[in-house]
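> A single structure is presented below for examination.
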Amino acid sequence: MEKMRLQKYIALCGVASRRKAEELIDAGRVKVDGTVVTTQGVVINPSNKVEVDNRVISPEKRKLYVMLNKPAGYVSTVKDQFGRPTVLDLLKGIEERLYPIGRLDYETEGLLLLTNDGDLANKLSHPSHNIQKEYLVEIKGPMSQDIYEIFSKGISISGKMTKPAKVEHVGTVNHVTTCRVLLSEGRNRQIRRTFEKVDRTIVSLKRVAVGELVIGEMKVGKWRELNSKEVKYLLNVT
């Protein structure tokens with residue numbers, strides 16, 4: 001192993017993405033040769049012993065890419081401070097330490113990608129990569145013009161406007177409307193907040209596609225490894 005920055009090494013070990021690795025360093029959860037490191041940009045070499053939460057880490061031998069059909073009632077994190085089940089609880093039989101690429105909120109179902117490839121996770125999580133995500137949403141009540149308008153204009157989240165998004169009417173049964181939402185970003189609870197602005201209650205929310213990757217007929221709670229074509233697609237996303 002050549003010399004590299006500490007946060008990159010943590011990502012290479014499959015502990016967290018580079019961005020999350022920086023947060024671990026800031027929180028004082030990382031040691032190098034027994035000394036807590038809280039400064040970003042520290043360079044380490046192969047002889048250094050690195051620990052995260054007092055556990056020695058080492059680079060993953062195999063890069064793994066997984067698609068999960070996340071159920072509602074699971075958090076998209078490695079650990080949860082409130083003791084709620086995490087998506088990692090669903091990945092039985094996997095020895096590698098995986099972590100999610102992006103998040104789906106607690107109530108949301110659907111396609112979630114997980115990997116131990118820190119460079120890919122960092123790339124796909126960066127705002128500059130506008131990979132399109134598709135959701136199926138069920139709401140109470142009918143579609144209306146203001147729904148189309150608010151998605152096309154965006155809303156303010158934490159003082160920053162969301163990018164324009166597209167919403168399409170799929171059908172309405174028993175006063176419940178199904179629509180398709182296409183986003184090029186994934187801000188915190190963005191779809192839920194947008195529908196709240198037009199007084200619509202979400203009955204269910206499911207992500208069905210990330211770029212060219214589609215959940216298809218995979219059952220809720222199940223997972224599979226991505227095939228070589230799917231991995232190549234993700235690695236070449238710009």
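Within each chain, counting starts at residue 1; across the structure tokens, chains are named A, B, ... in the order shown, with ligands numbered 1 upward in that order.
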Compile the contact shell of stretch 42-58 of chain A as a list in words: residues with an atom at most 8 Å away, counting only C-alpha atoms, same-chain residues fewer than 4 positions apart removed.
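In the requested form, the answer reads Met1, Glu2, Lys3, Met4, Arg5, Leu6, Ile10, Cys13, Leu24, Arg29, Val30, Lys31, Val32, Asp33 and Gly34 of chain A.
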> For the residues in that selection, give me C-alpha atoms as a PDB file, in the first residue's frame.

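In the end it all went to out_1.pdb:
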ATOM      1  CA  MET A   1       0.000   0.000   0.000  1.00  0.00           C
ATOM      2  CA  GLU A   2       1.282   3.438  -0.912  1.00  0.00           C
ATOM      3  CA  LYS A   3       1.029   6.466   1.371  1.00  0.00           C
ATOM      4  CA  MET A   4      -2.455   7.988   1.420  1.00  0.00           C
ATOM      5  CA  ARG A   5      -4.675  10.352   3.342  1.00  0.00           C
ATOM      6  CA  LEU A   6      -6.302   8.896   6.430  1.00  0.00           C
ATOM      7  CA  ILE A  10     -10.736   4.428   6.105  1.00  0.00           C
ATOM      8  CA  CYS A  13     -11.129  -0.455   4.493  1.00  0.00           C
ATOM      9  CA  LEU A  24     -15.344  10.027  12.217  1.00  0.00           C
ATOM     10  CA  ARG A  29     -13.141   8.163  16.838  1.00  0.00           C
ATOM     11  CA  VAL A  30      -9.965   7.443  14.839  1.00  0.00           C
ATOM     12  CA  LYS A  31      -6.522   6.543  16.164  1.00  0.00           C
ATOM     13  CA  VAL A  32      -3.219   6.189  14.340  1.00  0.00           C
ATOM     14  CA  ASP A  33      -0.607   4.161  16.237  1.00  0.00           C
ATOM     15  CA  GLY A  34      -2.642   4.603  19.421  1.00  0.00           C
TER      16      GLY A  34
END
> Contacts of A:Asn227 at 12 Å or less, counting only C-alpha atoms, minus same-chain residues fewer than 5 places along, as a PDB file with N, CA and C atoms, in the first residue's frame?

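Saved file out_3.pdb follows:
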ATOM      1  N   LEU A  64     -17.269  -5.138  -3.118  1.00  0.00           N
ATOM      2  CA  LEU A  64     -18.592  -5.739  -3.240  1.00  0.00           C
ATOM      3  C   LEU A  64     -19.621  -4.645  -3.477  1.00  0.00           C
ATOM      4  N   TYR A  65     -20.572  -4.930  -4.386  1.00  0.00           N
ATOM      5  CA  TYR A  65     -21.614  -3.969  -4.741  1.00  0.00           C
ATOM      6  C   TYR A  65     -22.963  -4.684  -4.647  1.00  0.00           C
ATOM      7  N   VAL A  66     -23.858  -4.152  -3.827  1.00  0.00           N
ATOM      8  CA  VAL A  66     -25.110  -4.838  -3.518  1.00  0.00           C
ATOM      9  C   VAL A  66     -26.301  -3.916  -3.754  1.00  0.00           C
ATOM     10  N   MET A  67     -27.384  -4.507  -4.285  1.00  0.00           N
ATOM     11  CA  MET A  67     -28.666  -3.827  -4.408  1.00  0.00           C
ATOM     12  C   MET A  67     -29.628  -4.454  -3.396  1.00  0.00           C
ATOM     13  N   LEU A 213     -30.124   1.309 -13.042  1.00  0.00           N
ATOM     14  CA  LEU A 213     -30.362   0.176 -12.143  1.00  0.00           C
ATOM     15  C   LEU A 213     -31.809   0.191 -11.671  1.00  0.00           C
ATOM     16  N   LYS A 232     -20.017  -1.847 -13.879  1.00  0.00           N
ATOM     17  CA  LYS A 232     -19.332  -1.026 -14.877  1.00  0.00           C
ATOM     18  C   LYS A 232     -20.105   0.266 -15.099  1.00  0.00           C
ATOM     19  N   TYR A 233     -21.426   0.189 -15.134  1.00  0.00           N
ATOM     20  CA  TYR A 233     -22.245   1.396 -15.317  1.00  0.00           C
ATOM     21  C   TYR A 233     -21.977   2.387 -14.189  1.00  0.00           C
ATOM     22  N   LEU A 234     -22.012   1.911 -12.933  1.00  0.00           N
ATOM     23  CA  LEU A 234     -21.794   2.806 -11.801  1.00  0.00           C
ATOM     24  C   LEU A 234     -20.402   3.421 -11.816  1.00  0.00           C
TER      25      LEU A 234
END
> Which residue, A:Val237, A:Ala21, A:Cys179, A:Leu98, has the smallest gap to A:Glu225 when you use only C-alpha atoms?
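Answer, going by the shortest atom-to-atom distance: A:Leu98.
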> Excluding stretch 181-185 of chain A and its own-chain neighbours fewer than 3 positions away, which residues fall within 8 Å of it when counting only C-alpha atoms? Please give them as a list of chain:residue names.
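Answer for this query is A:Pro127, A:Asn130, A:Ile131, A:Gln132, A:Lys133, A:Glu134, A:Tyr135, A:Leu136, A:Val137, A:Lys163, A:Pro164, A:Ala165, A:Lys166, A:Val167, A:Glu168.
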> Would you mind listing what lies within 12 Å of stretch 203-207 of chain A as number ranges by chain, with only C-alpha atoms counted and same-chain residues fewer than 5 positions away left out?
A: 67-72, 103-113, 132-141, 175-183, 186, 189-192, 195, 213-216, 220
> Could you write out that same residue set with N, CA and C atoms as a compact mmCIF listing (two decimals), in the first residue's frame?

# COMPACT_ATOMS: atom_id res chain seq x y z
N MET A 67 -27.38 -4.51 -4.29
CA MET A 67 -28.67 -3.83 -4.41
C MET A 67 -29.63 -4.45 -3.40
N LEU A 68 -30.25 -3.62 -2.58
CA LEU A 68 -31.20 -4.08 -1.57
C LEU A 68 -32.56 -3.44 -1.83
N ASN A 69 -33.62 -4.23 -1.67
CA ASN A 69 -34.97 -3.67 -1.69
C ASN A 69 -35.34 -3.38 -0.23
N LYS A 70 -35.05 -2.19 0.20
CA LYS A 70 -35.21 -1.81 1.60
C LYS A 70 -36.68 -1.78 2.02
N PRO A 71 -37.01 -2.42 3.15
CA PRO A 71 -38.36 -2.29 3.68
C PRO A 71 -38.50 -0.99 4.49
N ALA A 72 -39.73 -0.57 4.74
CA ALA A 72 -39.96 0.49 5.71
C ALA A 72 -39.59 -0.04 7.08
N ARG A 103 -29.04 7.57 1.17
CA ARG A 103 -29.98 7.08 2.17
C ARG A 103 -31.40 7.05 1.63
N LEU A 104 -32.19 6.19 2.23
CA LEU A 104 -33.64 6.25 2.14
C LEU A 104 -34.13 6.43 3.57
N ASP A 105 -35.13 7.31 3.78
CA ASP A 105 -35.54 7.55 5.14
C ASP A 105 -36.26 6.35 5.74
N TYR A 106 -36.52 6.41 7.03
CA TYR A 106 -37.01 5.28 7.81
C TYR A 106 -38.27 4.66 7.22
N GLU A 107 -39.20 5.49 6.73
CA GLU A 107 -40.49 5.00 6.24
C GLU A 107 -40.46 4.59 4.77
N THR A 108 -39.39 4.92 4.06
CA THR A 108 -39.34 4.72 2.61
C THR A 108 -38.78 3.34 2.26
N GLU A 109 -39.38 2.74 1.23
CA GLU A 109 -38.92 1.45 0.72
C GLU A 109 -38.13 1.65 -0.56
N GLY A 110 -37.53 0.53 -1.02
CA GLY A 110 -37.01 0.52 -2.38
C GLY A 110 -35.51 0.36 -2.51
N LEU A 111 -35.04 0.71 -3.69
CA LEU A 111 -33.68 0.43 -4.12
C LEU A 111 -32.65 1.22 -3.33
N LEU A 112 -31.78 0.48 -2.65
CA LEU A 112 -30.67 1.09 -1.93
C LEU A 112 -29.40 0.34 -2.32
N LEU A 113 -28.36 1.07 -2.66
CA LEU A 113 -27.08 0.48 -3.02
C LEU A 113 -26.15 0.50 -1.82
N GLN A 132 -30.01 10.19 -12.01
CA GLN A 132 -31.46 10.30 -11.82
C GLN A 132 -32.00 9.14 -10.99
N LYS A 133 -32.91 9.48 -10.08
CA LYS A 133 -33.56 8.48 -9.23
C LYS A 133 -35.07 8.54 -9.47
N GLU A 134 -35.69 7.36 -9.56
CA GLU A 134 -37.12 7.28 -9.84
C GLU A 134 -37.86 6.69 -8.65
N TYR A 135 -38.98 7.32 -8.30
CA TYR A 135 -39.79 6.90 -7.16
C TYR A 135 -41.24 6.71 -7.59
N LEU A 136 -41.90 5.73 -6.98
CA LEU A 136 -43.34 5.60 -7.09
C LEU A 136 -43.94 6.06 -5.76
N VAL A 137 -44.89 6.99 -5.85
CA VAL A 137 -45.47 7.59 -4.66
C VAL A 137 -46.98 7.46 -4.70
N GLU A 138 -47.56 7.03 -3.60
CA GLU A 138 -49.01 7.03 -3.46
C GLU A 138 -49.40 8.14 -2.49
N ILE A 139 -50.36 8.98 -2.92
CA ILE A 139 -50.81 10.09 -2.08
C ILE A 139 -52.32 10.06 -1.95
N LYS A 140 -52.82 10.63 -0.87
CA LYS A 140 -54.26 10.77 -0.71
C LYS A 140 -54.74 11.96 -1.52
N GLY A 141 -55.82 11.75 -2.29
CA GLY A 141 -56.37 12.84 -3.08
C GLY A 141 -55.89 12.84 -4.51
N HIS A 175 -59.57 7.13 -4.40
CA HIS A 175 -59.07 8.41 -3.87
C HIS A 175 -57.58 8.38 -3.50
N VAL A 176 -56.87 7.34 -3.92
CA VAL A 176 -55.43 7.28 -3.73
C VAL A 176 -54.76 7.37 -5.10
N THR A 177 -53.91 8.37 -5.26
CA THR A 177 -53.26 8.63 -6.54
C THR A 177 -51.82 8.11 -6.53
N THR A 178 -51.46 7.40 -7.58
CA THR A 178 -50.08 6.94 -7.76
C THR A 178 -49.40 7.85 -8.77
N CYS A 179 -48.22 8.32 -8.43
CA CYS A 179 -47.47 9.14 -9.36
C CYS A 179 -46.00 8.73 -9.36
N ARG A 180 -45.33 9.11 -10.43
CA ARG A 180 -43.90 8.81 -10.59
C ARG A 180 -43.14 10.12 -10.42
N VAL A 181 -42.10 10.11 -9.58
CA VAL A 181 -41.28 11.29 -9.35
C VAL A 181 -39.86 10.99 -9.79
N LEU A 182 -39.28 11.89 -10.57
CA LEU A 182 -37.91 11.75 -11.06
C LEU A 182 -37.06 12.89 -10.49
N LEU A 183 -36.02 12.52 -9.74
CA LEU A 183 -35.14 13.50 -9.11
C LEU A 183 -33.72 13.33 -9.63
N GLY A 186 -30.96 14.09 -4.04
CA GLY A 186 -31.68 13.39 -2.98
C GLY A 186 -31.56 14.12 -1.66
N ARG A 189 -35.53 14.07 2.94
CA ARG A 189 -36.99 13.96 2.90
C ARG A 189 -37.59 14.90 1.84
N GLN A 190 -36.90 15.02 0.71
CA GLN A 190 -37.29 15.98 -0.32
C GLN A 190 -38.69 15.74 -0.86
N ILE A 191 -39.03 14.50 -1.21
CA ILE A 191 -40.35 14.22 -1.78
C ILE A 191 -41.44 14.45 -0.74
N ARG A 192 -41.21 13.98 0.46
CA ARG A 192 -42.22 14.16 1.52
C ARG A 192 -42.45 15.64 1.79
N PHE A 195 -44.54 17.31 -1.14
CA PHE A 195 -45.97 17.03 -1.08
C PHE A 195 -46.65 17.71 0.12
N LEU A 213 -30.12 1.31 -13.04
CA LEU A 213 -30.36 0.18 -12.14
C LEU A 213 -31.81 0.19 -11.67
N VAL A 214 -32.50 -0.93 -11.85
CA VAL A 214 -33.94 -1.01 -11.57
C VAL A 214 -34.20 -2.12 -10.56
N ILE A 215 -35.10 -1.88 -9.61
CA ILE A 215 -35.40 -2.85 -8.57
C ILE A 215 -36.13 -4.06 -9.14
N GLY A 216 -36.94 -3.86 -10.18
CA GLY A 216 -37.63 -4.96 -10.85
C GLY A 216 -38.55 -5.72 -9.92
N VAL A 220 -39.38 -7.27 -1.25
CA VAL A 220 -38.97 -6.36 -0.18
C VAL A 220 -38.15 -7.13 0.86
